[in-house]
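Asks: Here you go, my_file_28.cif (mmCIF, C-alpha atoms):
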```cif
data_target
#
loop_
_atom_site.label_atom_id
_atom_site.label_comp_id
_atom_site.auth_asym_id
_atom_site.auth_seq_id
_atom_site.Cartn_x
_atom_site.Cartn_y
_atom_site.Cartn_z
CA MET A 1 0.00 0.00 0.00
CA MET A 2 2.75 2.41 0.97
CA ASN A 3 4.84 1.59 -2.09
CA ASP A 4 1.90 2.07 -4.44
CA PHE A 5 1.05 5.37 -2.76
CA ILE A 6 4.59 6.73 -3.06
CA GLU A 7 5.07 5.54 -6.65
CA SER A 8 1.82 7.26 -7.64
CA ILE A 9 2.96 10.49 -5.99
CA TYR A 10 6.31 10.31 -7.80
CA ILE A 11 4.62 9.84 -11.18
CA TRP A 12 2.24 12.72 -10.44
CA TYR A 13 5.15 14.96 -9.39
CA THR A 14 7.17 14.20 -12.51
CA LYS A 15 4.23 15.31 -14.66
CA ASN A 16 2.97 18.26 -12.59
CA CYS A 17 5.80 19.84 -10.62
CA ARG A 18 6.44 23.54 -10.99
CA GLN A 19 9.74 24.67 -12.44
CA LEU A 20 11.19 26.59 -9.50
CA PRO A 21 14.75 28.00 -9.42
CA TRP A 22 15.69 26.35 -6.12
CA ARG A 23 14.79 22.98 -7.63
CA GLU A 24 17.42 23.47 -10.31
CA THR A 25 20.32 23.50 -7.85
CA ASN A 26 21.77 21.45 -5.02
CA ASP A 27 23.59 24.48 -3.59
CA PRO A 28 22.68 24.35 0.13
CA TYR A 29 22.97 28.14 0.43
CA LYS A 30 20.35 28.77 -2.25
CA ILE A 31 18.10 25.99 -0.95
CA TRP A 32 18.38 27.48 2.55
CA ILE A 33 17.47 30.97 1.29
CA SER A 34 14.41 29.57 -0.50
CA GLU A 35 13.26 27.58 2.52
CA ILE A 36 13.54 30.56 4.89
CA ILE A 37 11.59 32.78 2.48
CA LEU A 38 8.90 30.14 2.01
CA GLN A 39 8.44 29.39 5.74
CA GLN A 40 5.49 31.77 5.99
CA THR A 41 5.13 32.81 2.35
CA ARG A 42 3.41 31.51 -0.77
CA VAL A 43 5.64 30.48 -3.67
CA ASP A 44 4.20 33.11 -6.02
CA GLN A 45 4.90 35.86 -3.50
CA GLY A 46 8.31 34.56 -2.46
CA MET A 47 9.73 34.05 -5.95
CA SER A 48 10.70 37.69 -6.56
CA TYR A 49 12.29 37.93 -3.11
CA TYR A 50 14.34 34.80 -3.77
CA HIS A 51 15.69 36.28 -7.00
CA LYS A 52 16.47 39.61 -5.30
CA PHE A 53 18.34 37.95 -2.45
CA ILE A 54 20.37 35.64 -4.67
CA LYS A 55 21.27 38.50 -7.01
CA ARG A 56 22.31 40.84 -4.18
CA PHE A 57 23.86 38.15 -1.95
CA PRO A 58 25.10 35.36 -4.26
CA THR A 59 27.17 33.73 -1.52
CA VAL A 60 26.88 33.21 2.22
CA SER A 61 29.84 35.56 2.64
CA ASP A 62 28.00 38.36 0.84
CA LEU A 63 25.04 37.92 3.15
CA ALA A 64 27.16 37.73 6.30
CA ASN A 65 28.98 40.97 5.43
CA ALA A 66 25.81 42.89 4.57
CA ASN A 67 24.29 45.67 6.64
CA GLU A 68 21.17 44.55 8.52
CA ASP A 69 19.22 47.62 7.37
CA GLU A 70 19.81 46.63 3.75
CA ILE A 71 18.68 43.06 4.41
CA LEU A 72 15.50 44.26 6.13
CA LYS A 73 14.79 46.70 3.29
CA LEU A 74 15.14 43.88 0.76
CA TRP A 75 12.83 41.75 2.94
CA GLN A 76 10.23 44.53 3.25
CA GLY A 77 6.71 43.26 2.58
CA LEU A 78 7.37 39.59 3.43
CA GLY A 79 6.55 39.91 7.11
CA TYR A 80 7.89 37.77 9.98
CA TYR A 81 11.07 39.87 9.94
CA SER A 82 12.79 37.66 12.50
CA ARG A 83 13.41 35.32 9.56
CA ALA A 84 15.61 37.95 7.91
CA ARG A 85 17.47 38.79 11.12
CA ASN A 86 18.04 35.08 11.86
CA MET A 87 19.22 34.51 8.32
CA HIS A 88 21.81 37.26 8.73
CA GLU A 89 23.02 35.77 12.03
CA THR A 90 23.21 32.29 10.52
CA ALA A 91 25.31 33.55 7.62
CA LYS A 92 27.75 35.04 10.13
CA THR A 93 27.80 31.74 12.05
CA ILE A 94 28.62 29.78 8.89
CA ILE A 95 31.53 32.13 8.18
CA LYS A 96 32.79 31.98 11.77
CA ASN A 97 32.24 28.31 12.66
CA TYR A 98 32.35 26.52 9.31
CA GLY A 99 34.82 28.56 7.29
CA GLY A 100 32.11 29.85 5.01
CA VAL A 101 31.05 26.34 3.95
CA PHE A 102 27.43 25.38 4.62
CA PRO A 103 27.33 22.46 7.10
CA ASN A 104 26.61 19.18 5.36
CA ASN A 105 24.91 17.13 8.07
CA TYR A 106 21.53 17.37 9.76
CA GLN A 107 22.92 17.72 13.29
CA ASN A 108 24.85 20.88 12.43
CA ILE A 109 22.23 22.31 10.11
CA ILE A 110 19.52 22.21 12.77
CA LYS A 111 21.76 24.14 15.18
CA LEU A 112 21.64 27.16 12.87
CA LYS A 113 19.49 30.04 14.06
CA GLY A 114 16.05 30.09 12.48
CA VAL A 115 16.34 26.50 11.25
CA GLY A 116 13.86 23.98 12.66
CA PRO A 117 13.35 20.26 11.98
CA TYR A 118 11.47 20.80 8.72
CA THR A 119 13.98 23.25 7.22
CA ALA A 120 16.95 21.17 8.37
CA ALA A 121 15.46 18.02 6.81
CA ALA A 122 14.66 19.85 3.58
CA ILE A 123 18.23 21.16 3.22
CA ALA A 124 19.81 17.86 4.29
CA SER A 125 17.73 15.79 1.86
CA ILE A 126 17.72 18.13 -1.16
CA ALA A 127 21.28 19.47 -0.97
CA PHE A 128 23.08 16.46 0.49
CA GLY A 129 20.88 13.46 -0.27
CA LEU A 130 20.41 12.55 3.40
CA PRO A 131 17.27 10.53 4.28
CA TYR A 132 15.48 12.93 6.62
CA PRO A 133 11.72 13.40 6.13
CA ALA A 134 10.72 17.06 5.80
CA ILE A 135 7.24 17.47 7.24
CA ASP A 136 5.56 20.77 6.43
CA GLY A 137 1.88 21.70 6.44
CA ASN A 138 1.39 20.20 3.00
CA ILE A 139 2.83 16.84 4.03
CA TYR A 140 0.84 16.80 7.28
CA ARG A 141 -2.30 17.22 5.19
CA VAL A 142 -1.43 14.52 2.65
CA LEU A 143 -0.48 11.95 5.29
CA ALA A 144 -3.44 12.75 7.54
CA ARG A 145 -5.94 12.32 4.73
CA TYR A 146 -4.40 9.33 2.99
CA PHE A 147 -3.62 7.28 6.11
CA GLY A 148 -6.54 8.59 8.21
CA ILE A 149 -4.37 10.05 10.98
CA SER A 150 -6.69 11.82 13.42
CA ASN A 151 -4.01 12.92 15.89
CA ALA A 152 -3.66 16.70 16.00
CA THR A 153 -0.72 18.02 14.00
CA ASP A 154 0.08 20.52 16.74
CA SER A 155 0.18 17.98 19.59
CA THR A 156 3.26 16.12 20.78
CA LYS A 157 1.63 12.74 20.16
CA GLY A 158 0.47 13.81 16.73
CA LYS A 159 3.90 15.05 15.70
CA ASN A 160 5.41 11.74 16.79
CA VAL A 161 2.84 9.74 14.81
CA PHE A 162 3.41 11.79 11.65
CA ALA A 163 7.17 11.62 12.10
CA SER A 164 6.99 7.82 12.38
CA VAL A 165 4.93 7.48 9.20
CA ALA A 166 7.13 9.95 7.30
CA LYS A 167 10.27 8.14 8.40
CA GLU A 168 8.87 4.83 7.19
CA LEU A 169 8.16 6.37 3.79
CA ILE A 170 11.49 8.14 3.18
CA PRO A 171 13.81 6.25 0.81
CA ASP A 172 17.60 6.12 1.10
CA LYS A 173 17.84 7.00 -2.58
CA ASN A 174 16.77 10.49 -3.76
CA PRO A 175 15.18 11.62 -0.46
CA GLY A 176 15.13 15.21 -1.71
CA PHE A 177 12.99 14.21 -4.68
CA HIS A 178 10.72 12.29 -2.31
CA ASN A 179 10.23 15.24 0.07
CA GLN A 180 9.60 17.68 -2.75
CA ALA A 181 7.12 15.33 -4.41
CA LEU A 182 5.01 15.04 -1.26
CA MET A 183 5.20 18.79 -0.59
CA GLU A 184 4.19 19.63 -4.15
CA PHE A 185 1.35 17.13 -4.07
CA GLY A 186 -0.03 18.86 -0.99
CA ALA A 187 0.49 22.31 -2.45
CA LEU A 188 -1.18 21.66 -5.80
CA GLN A 189 -3.39 18.56 -5.55
CA CYS A 190 -4.31 17.77 -1.94
CA VAL A 191 -5.06 21.40 -1.14
CA PRO A 192 -6.62 22.57 2.15
CA LYS A 193 -10.09 23.39 0.85
CA SER A 194 -12.16 21.57 -1.77
CA PRO A 195 -9.42 19.44 -3.36
CA ASN A 196 -10.22 17.87 -6.72
CA CYS A 197 -10.35 14.30 -5.45
CA ALA A 198 -11.71 13.03 -8.75
CA ALA A 199 -8.37 13.88 -10.37
CA CYS A 200 -6.27 12.46 -7.51
CA PRO A 201 -4.04 9.50 -8.46
CA VAL A 202 -4.38 7.90 -5.01
CA VAL A 203 -8.08 8.56 -4.37
CA ALA A 204 -8.98 4.86 -4.59
CA SER A 205 -6.94 4.03 -1.48
CA CYS A 206 -7.29 7.34 0.40
CA PHE A 207 -8.89 7.01 3.85
CA ALA A 208 -10.35 10.53 3.86
CA ALA A 209 -11.90 10.20 0.41
CA GLU A 210 -13.39 6.80 1.18
CA ASN A 211 -14.80 7.92 4.55
CA LYS A 212 -15.83 11.44 3.51
CA LYS A 213 -13.42 13.05 5.95
CA VAL A 214 -11.44 15.22 3.55
CA ALA A 215 -12.71 18.44 5.15
CA GLU A 216 -12.03 17.12 8.68
CA LEU A 217 -8.39 16.16 8.19
CA PRO A 218 -5.82 17.11 9.26
CA VAL A 219 -6.84 17.93 12.84
CA LYS A 220 -5.42 20.98 14.58
CA THR A 221 -6.47 21.72 18.14
CA LYS A 222 -4.76 24.95 19.14
CA LYS A 223 -6.41 28.15 18.06
CA THR A 224 -4.24 31.22 17.70
CA LYS A 225 -5.23 33.93 20.15
CA GLN A 226 -5.07 37.42 18.70
CA ARG A 227 -4.77 40.55 20.77
CA GLU A 228 -5.75 44.02 19.58
CA ARG A 229 -3.35 46.94 19.51
CA PHE A 230 -3.96 50.59 18.62
CA PHE A 231 -1.15 52.52 16.95
CA TYR A 232 -1.11 56.28 16.34
CA TYR A 233 1.78 57.30 14.11
CA TYR A 234 2.94 60.89 13.79
CA LEU A 235 4.13 62.17 10.43
CA MET A 236 6.08 65.21 11.60
CA GLU A 237 6.61 67.79 8.87
CA LYS A 238 9.18 70.56 9.07
CA GLY A 239 9.97 72.02 5.70
CA ASP A 240 11.12 69.14 3.51
CA ASP A 241 12.12 66.98 6.47
CA THR A 242 10.41 64.39 8.62
CA TRP A 243 11.41 62.01 11.43
CA LEU A 244 11.61 58.25 11.83
CA GLU A 245 12.38 56.02 14.79
CA LYS A 246 13.84 52.52 14.88
CA ARG A 247 11.97 49.76 16.72
CA THR A 248 14.53 48.25 19.07
CA GLU A 249 12.41 46.40 21.63
CA ASN A 250 11.75 42.64 21.46
CA ASP A 251 8.43 43.15 19.73
CA ILE A 252 7.09 42.87 16.20
CA TRP A 253 9.14 44.52 13.45
CA LYS A 254 12.32 44.74 15.50
CA ASN A 255 14.96 47.00 13.86
CA LEU A 256 12.53 48.35 11.26
CA TYR A 257 11.80 52.06 11.00
CA GLN A 258 8.49 53.76 11.58
CA PHE A 259 7.01 57.17 12.23
CA PRO A 260 7.09 58.25 15.90
CA LEU A 261 4.43 56.21 17.62
CA ILE A 262 1.95 56.43 20.46
CA GLU A 263 0.32 53.12 21.38
CA LYS A 264 -2.96 53.08 23.29
CA SER A 265 -4.92 50.28 24.93
CA LYS A 266 -8.13 51.25 23.13
CA GLN A 267 -9.27 52.97 19.98
CA LEU A 268 -9.46 56.74 20.39
CA PRO A 269 -12.19 58.90 18.83
CA GLU A 270 -10.97 61.72 16.60
CA GLU A 271 -11.84 64.41 19.15
CA GLU A 272 -9.37 62.80 21.55
CA LEU A 273 -6.69 62.44 18.88
CA ILE A 274 -6.87 66.15 18.18
CA HIS A 275 -5.98 66.93 21.78
CA LEU A 276 -3.20 64.37 22.19
CA GLU A 277 0.15 65.95 23.00
CA PRO A 278 2.95 63.44 22.31
CA ASP A 279 5.72 63.58 24.88
CA PHE A 280 8.31 63.49 22.13
CA LEU A 281 7.24 67.01 21.07
CA ASN A 282 8.26 68.34 24.49
CA GLY A 283 5.33 70.74 24.62
CA GLN A 284 6.39 72.52 21.44
CA PRO A 285 3.65 73.91 19.16
CA PHE A 286 2.35 71.98 16.16
CA LYS A 287 -0.57 72.06 13.75
CA ILE A 288 -2.58 68.99 12.73
CA LYS A 289 -2.89 68.88 8.94
CA SER A 290 -4.77 65.58 8.59
CA ILE A 291 -5.69 62.34 10.30
CA SER A 292 -5.88 59.22 8.14
CA ALA A 293 -8.63 56.64 8.14
CA THR A 294 -7.99 53.59 10.33
CA GLN A 295 -5.83 50.89 8.75
CA LYS A 296 -6.47 47.35 9.98
CA HIS A 297 -3.40 45.12 9.86
CA ILE A 298 -3.70 41.42 10.74
CA LEU A 299 -0.75 39.41 12.02
CA SER A 300 -0.74 35.81 13.25
CA HIS A 301 -1.19 36.76 16.91
CA GLN A 302 -2.21 40.39 16.70
CA VAL A 303 -4.65 42.73 15.01
CA ILE A 304 -3.37 46.29 14.75
CA TYR A 305 -5.55 49.33 14.14
CA ALA A 306 -3.44 52.27 13.01
CA ARG A 307 -3.93 55.90 12.07
CA LEU A 308 -1.45 58.44 10.75
CA ILE A 309 -1.58 61.92 12.20
CA HIS A 310 0.13 64.42 9.91
CA ILE A 311 1.40 67.44 11.83
CA GLU A 312 3.32 70.53 10.84
CA LEU A 313 5.99 71.59 13.30
CA ASP A 314 7.01 75.05 14.30
CA LYS A 315 10.31 76.18 12.77
CA SER A 316 11.83 76.27 16.25
CA TYR A 317 11.30 72.53 16.84
CA GLN A 318 14.50 70.83 17.91
CA ARG A 319 15.22 67.23 16.97
CA ASN A 320 14.41 64.55 19.52
CA ASP A 321 17.47 62.34 20.09
CA ARG A 322 15.30 59.20 19.78
CA PHE A 323 14.51 59.98 16.16
CA VAL A 324 16.31 60.16 12.84
CA GLN A 325 15.69 63.37 10.91
CA ILE A 326 15.56 62.69 7.19
CA SER A 327 14.67 64.40 3.96
CA THR A 328 11.18 63.29 2.99
CA LYS A 329 12.36 62.19 -0.44
CA ASP A 330 14.66 59.62 1.22
CA ILE A 331 11.94 57.85 3.22
CA HIS A 332 11.64 55.04 0.68
CA THR A 333 15.25 53.96 1.35
CA PHE A 334 14.36 52.85 4.90
CA ALA A 335 12.99 49.42 5.78
CA VAL A 336 9.52 49.92 7.23
CA PRO A 337 6.69 47.51 8.13
CA ARG A 338 4.04 46.89 5.47
CA LEU A 339 1.53 48.79 7.64
CA VAL A 340 3.69 51.93 7.57
CA GLU A 341 4.29 51.46 3.85
CA ASN A 342 0.52 51.43 3.27
CA LEU A 343 0.08 54.57 5.35
CA ILE A 344 2.81 56.29 3.34
CA LYS A 345 1.02 55.45 0.09
CA GLN A 346 -2.08 57.24 1.34
CA THR A 347 -0.21 60.40 2.25
CA GLU A 348 -0.07 63.07 -0.46
CA TRP A 349 2.78 64.96 1.21
CA LEU A 350 5.21 62.06 0.86
#
```
Can I see the file as C-alpha cells?
Replies:
Amino acid sequence: MMNDFIESIYIWYTKNCRQLPWRETNDPYKIWISEIILQQTRVDQGMSYYHKFIKRFPTVSDLANANEDEILKLWQGLGYYSRARNMHETAKTIIKNYGGVFPNNYQNIIKLKGVGPYTAAAIASIAFGLPYPAIDGNIYRVLARYFGISNATDSTKGKNVFASVAKELIPDKNPGFHNQALMEFGALQCVPKSPNCAACPVVASCFAAENKKVAELPVKTKKTKQRERFFYYYLMEKGDDTWLEKRTENDIWKNLYQFPLIEKSKQLPEEELIHLEPDFLNGQPFKIKSISATQKHILSHQVIYARLIHIELDKSYQRNDRFVQISTKDIHTFAVPRLVENLIKQTEWL
C-alpha cells in the first residue's frame, strides 16, 4: 500500500511539478534561502524575493557581510522579519564556525538560528541526499488524509505519529525528490479546501476520500489567540524633512523604521486624537494637517488598528534624540513595516 502510494505520488510529481529556481540546484545556500523565504510565504509571493536575495547576496559571505538595514529593506513586505534577522546571524555563524562552507549534516544544520526540523530536513535531503523526512503543512495534510491520521498536527503525540509514518516512507535514494514530491502534491493537488479528489491519483486508497473526511483532516487543536493593539503614528513635517524612529524592543518589526508612535490600549475617537500631545514634542507647538482613516493590519497573533496623524511643526522645533531626521524624499530607502508602507502610500505629502 505504501509503495503504491509513493510511486503514484512520484509519477504525479514528474508530470505536474512547478519549475522553480531552487529545484534546479543542489547548492545548500540557495536551498536554505528559499526555505527561509517560504516558511510563511506563498511560492508566487516569495519568488521575486528569492531572485532579489540571490542577485544581491550570491554567496553566504555576501550575506554575512551585509548591513542589517539593507537586508531588512530587501525583505520589506514579506513579514515575519525575525526570519531575515536570523538569516543574517546564521550567515555570520557559517563564516565563523564553518569557514564559510554550509554544514553538510543534519545535526549541524539544525543548530543554525532560524532553522527547525522541517527546514533542516529539507536542506539535508535536497542538498546532500540525506534521508530525513521534511514534514511541512502540505505533508501533514497529505499523510493525515491518505492514512486517516486523526491525531492533532500541533500535539506532541500527533507530531510523533506523523514523524513515524514519514520516516517509514522516506527512501535512502533520492530523499530530496521524495520530500519535494510530497510537498508539491499537498500544495497543488491535496489542497486545504475543496481538493479535486476526482483527479487524484491515489483517491482509490485514500482514507479521507473513502470515509468522507477530507474536510475534517488534518486535525489541529490549538487556536491562535489574537490581541488588539492601537497605533497612532505621527508624520512630523518641518519644511522638507520628517522624522523616523527605529523599533529596538523585542516586539514585532524589530529593527525596522516607523514614524514616531503612540500606542494606546483602546481605539481613540478623533476628538481625543486632536488633543493628544505626544511627549516626544516636548510641549512645542504643532498644527494637525490631517488624520488618516484607520488601517487594519492582521498578524498571526495580533490585530493592529493604526492611524497616521500628519502634523506641521514650528520652525523652532528641535530634533528629539530618539529619532532620525531625514529628507522626505529619502523615506523610501528605509525598511519599514508593510503597515507603515501602506500609510505612506495614502499620504499626499510624501
Asks: Could you tell me which residues the PyMOL selection byres ((chain A and resi 77) around 10) returns for this structure, as a ChimeraX atom specification?
Replies: /A:45,49,72-76,78-81,335-339,341
Asks: Which residues fall under the PyMOL selection byres ((chain A and resi 348-350) around 10) in this file, as a PyMOL selection string?
Replies: chain A and resi 235+237+240+242+310+328-332+344-347
Asks: Save the residues we just selected, C-alpha atoms, as a PDB file, keeping the file's coordinate frame?
Replies:
```pdb
ATOM      1  CA  LEU A 235       4.130  62.170  10.430  1.00  0.00           C
ATOM      2  CA  GLU A 237       6.610  67.790   8.870  1.00  0.00           C
ATOM      3  CA  ASP A 240      11.120  69.140   3.510  1.00  0.00           C
ATOM      4  CA  THR A 242      10.410  64.390   8.620  1.00  0.00           C
ATOM      5  CA  HIS A 310       0.130  64.420   9.910  1.00  0.00           C
ATOM      6  CA  THR A 328      11.180  63.290   2.990  1.00  0.00           C
ATOM      7  CA  LYS A 329      12.360  62.190  -0.440  1.00  0.00           C
ATOM      8  CA  ASP A 330      14.660  59.620   1.220  1.00  0.00           C
ATOM      9  CA  ILE A 331      11.940  57.850   3.220  1.00  0.00           C
ATOM     10  CA  HIS A 332      11.640  55.040   0.680  1.00  0.00           C
ATOM     11  CA  ILE A 344       2.810  56.290   3.340  1.00  0.00           C
ATOM     12  CA  LYS A 345       1.020  55.450   0.090  1.00  0.00           C
ATOM     13  CA  GLN A 346      -2.080  57.240   1.340  1.00  0.00           C
ATOM     14  CA  THR A 347      -0.210  60.400   2.250  1.00  0.00           C
TER      15      THR A 347
END
```
Asks: The PyMOL selection byres ((chain A and resi 257) around 10) - which residues does that actually catch in the file I just gave you? List them as JSON, numbers by chain.
Replies: {"A": [69, 72, 73, 243, 244, 245, 246, 247, 248, 253, 254, 255, 256, 258, 259, 260, 323, 324, 331, 334, 335, 336, 337, 340]}
Asks: When you look at range 22-34 of chain A with a cut-off of 8 Å (counting only C-alpha atoms), what residues show up, excluding the ones that are within fewer than 6 positions of it in the same chain? I need them as a PyMOL selection string.
Replies: chain A and resi 50+53-54+59-60+102+119+123+126-128
Asks: List as a list of chain:residue names: which residues have an atom within 10 Å of (4.2, 17.7, 10.4), counting only C-alpha atoms?
Replies: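 Output of the proximity query reads A:Pro117, A:Tyr118, A:Pro133, A:Ala134, A:Ile135, A:Asp136, A:Gly137, A:Asn138, A:Ile139, A:Tyr140, A:Arg141, A:Leu143, A:Ala144, A:Ala152, A:Thr153, A:Asp154, A:Gly158, A:Lys159, A:Asn160, A:Val161, A:Phe162, A:Ala163, A:Ala166.
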Asks: Might you pull out every residue within 10 Å of Val142 in chain A, with only C-alpha atoms counted and same-chain residues fewer than 5 positions away left off, and present them as a count of residues only?
Replies: 17
Asks: Do you have the CA of Gly283 in chain A-CA of Phe231 in chain A distance handy?
Replies: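 Between these atoms lies a distance of 20.8 Å.
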Asks: Take CA of Phe286 in chain A and CA of Glu263 in chain A and report the distance between them in Å, one decimal.
Replies: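 It comes out at 19.7 Å.
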Asks: Can you tell me, as a tab-separated table (two decimals) with C-alpha atoms, in the coordinates of the input, what residues are no more than 10 Å from Ile11 in chain A when counting only C-alpha atoms, ignoring any on the same chain fewer than 5 positions away?
Replies:
```tsv
chain	number	residue	atom	x	y	z
A	6	ILE	CA	4.59	6.73	-3.06
A	16	ASN	CA	2.97	18.26	-12.59
A	181	ALA	CA	7.12	15.33	-4.41
A	201	PRO	CA	-4.04	9.50	-8.46
```
Asks: Restricting the calculation to all atoms listed in the file, which member of A:Ala215, A:Asn282, A:Arg145, A:Arg229 is positioned closest to Val203 in chain A?
Replies: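 Ranked by minimum distance to Val203 in chain A, first place goes to A:Arg145.
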Asks: Can you work out the spacing between CA of Tyr132 in chain A and CA of His178 in chain A in Å, to one decimal?
Replies: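 Separation between CA of Tyr132 in chain A and CA of His178 in chain A: 10.1 Å.
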Asks: Would you list the contacts of Ile95 in chain A as a count of residues only, taking every protein, DNA or RNA residue within 12 Å and counting only C-alpha atoms, but skipping same-chain residues closer than 2 positions in sequence?
Replies: 20
Asks: Identify, on the basis of only C-alpha atoms, every residue whose closest approach to Thr224 in chain A does not exceed 10 Å; exclude the query and any residue fewer than 4 positions from it along the same chain; express the result as an MDAnalysis selection string.
Replies: chainID A and resid 300:302
Asks: In terms of the shortest atom-to-atom distance over only C-alpha atoms, which of A:Cys197, A:Leu112, A:Met236, A:Met47 is closest to Tyr317 in chain A?
Replies: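 That would be A:Met236, the residue with the smallest distance to Tyr317 in chain A.
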Asks: Between A:Ile309, A:Ile291, A:Met2, A:Val214, which residue has the minimum interatomic distance to Tyr234 in chain A, considering all atoms listed in the file?
Replies: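 Selected residue with least distance to Tyr234 in chain A: A:Ile309.
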Asks: Once you add 4 Å to each side, what are the centre and edge lengths of the axis-aligned box holding all listed atoms of range 292-308 of chain A? One decimal in Å, as AutoDock Vina command-line options, if you can.
Replies:
```
--center_x -4.7 --center_y 47.5 --center_z 12.5 --size_x 15.9 --size_y 31.4 --size_z 16.8
```
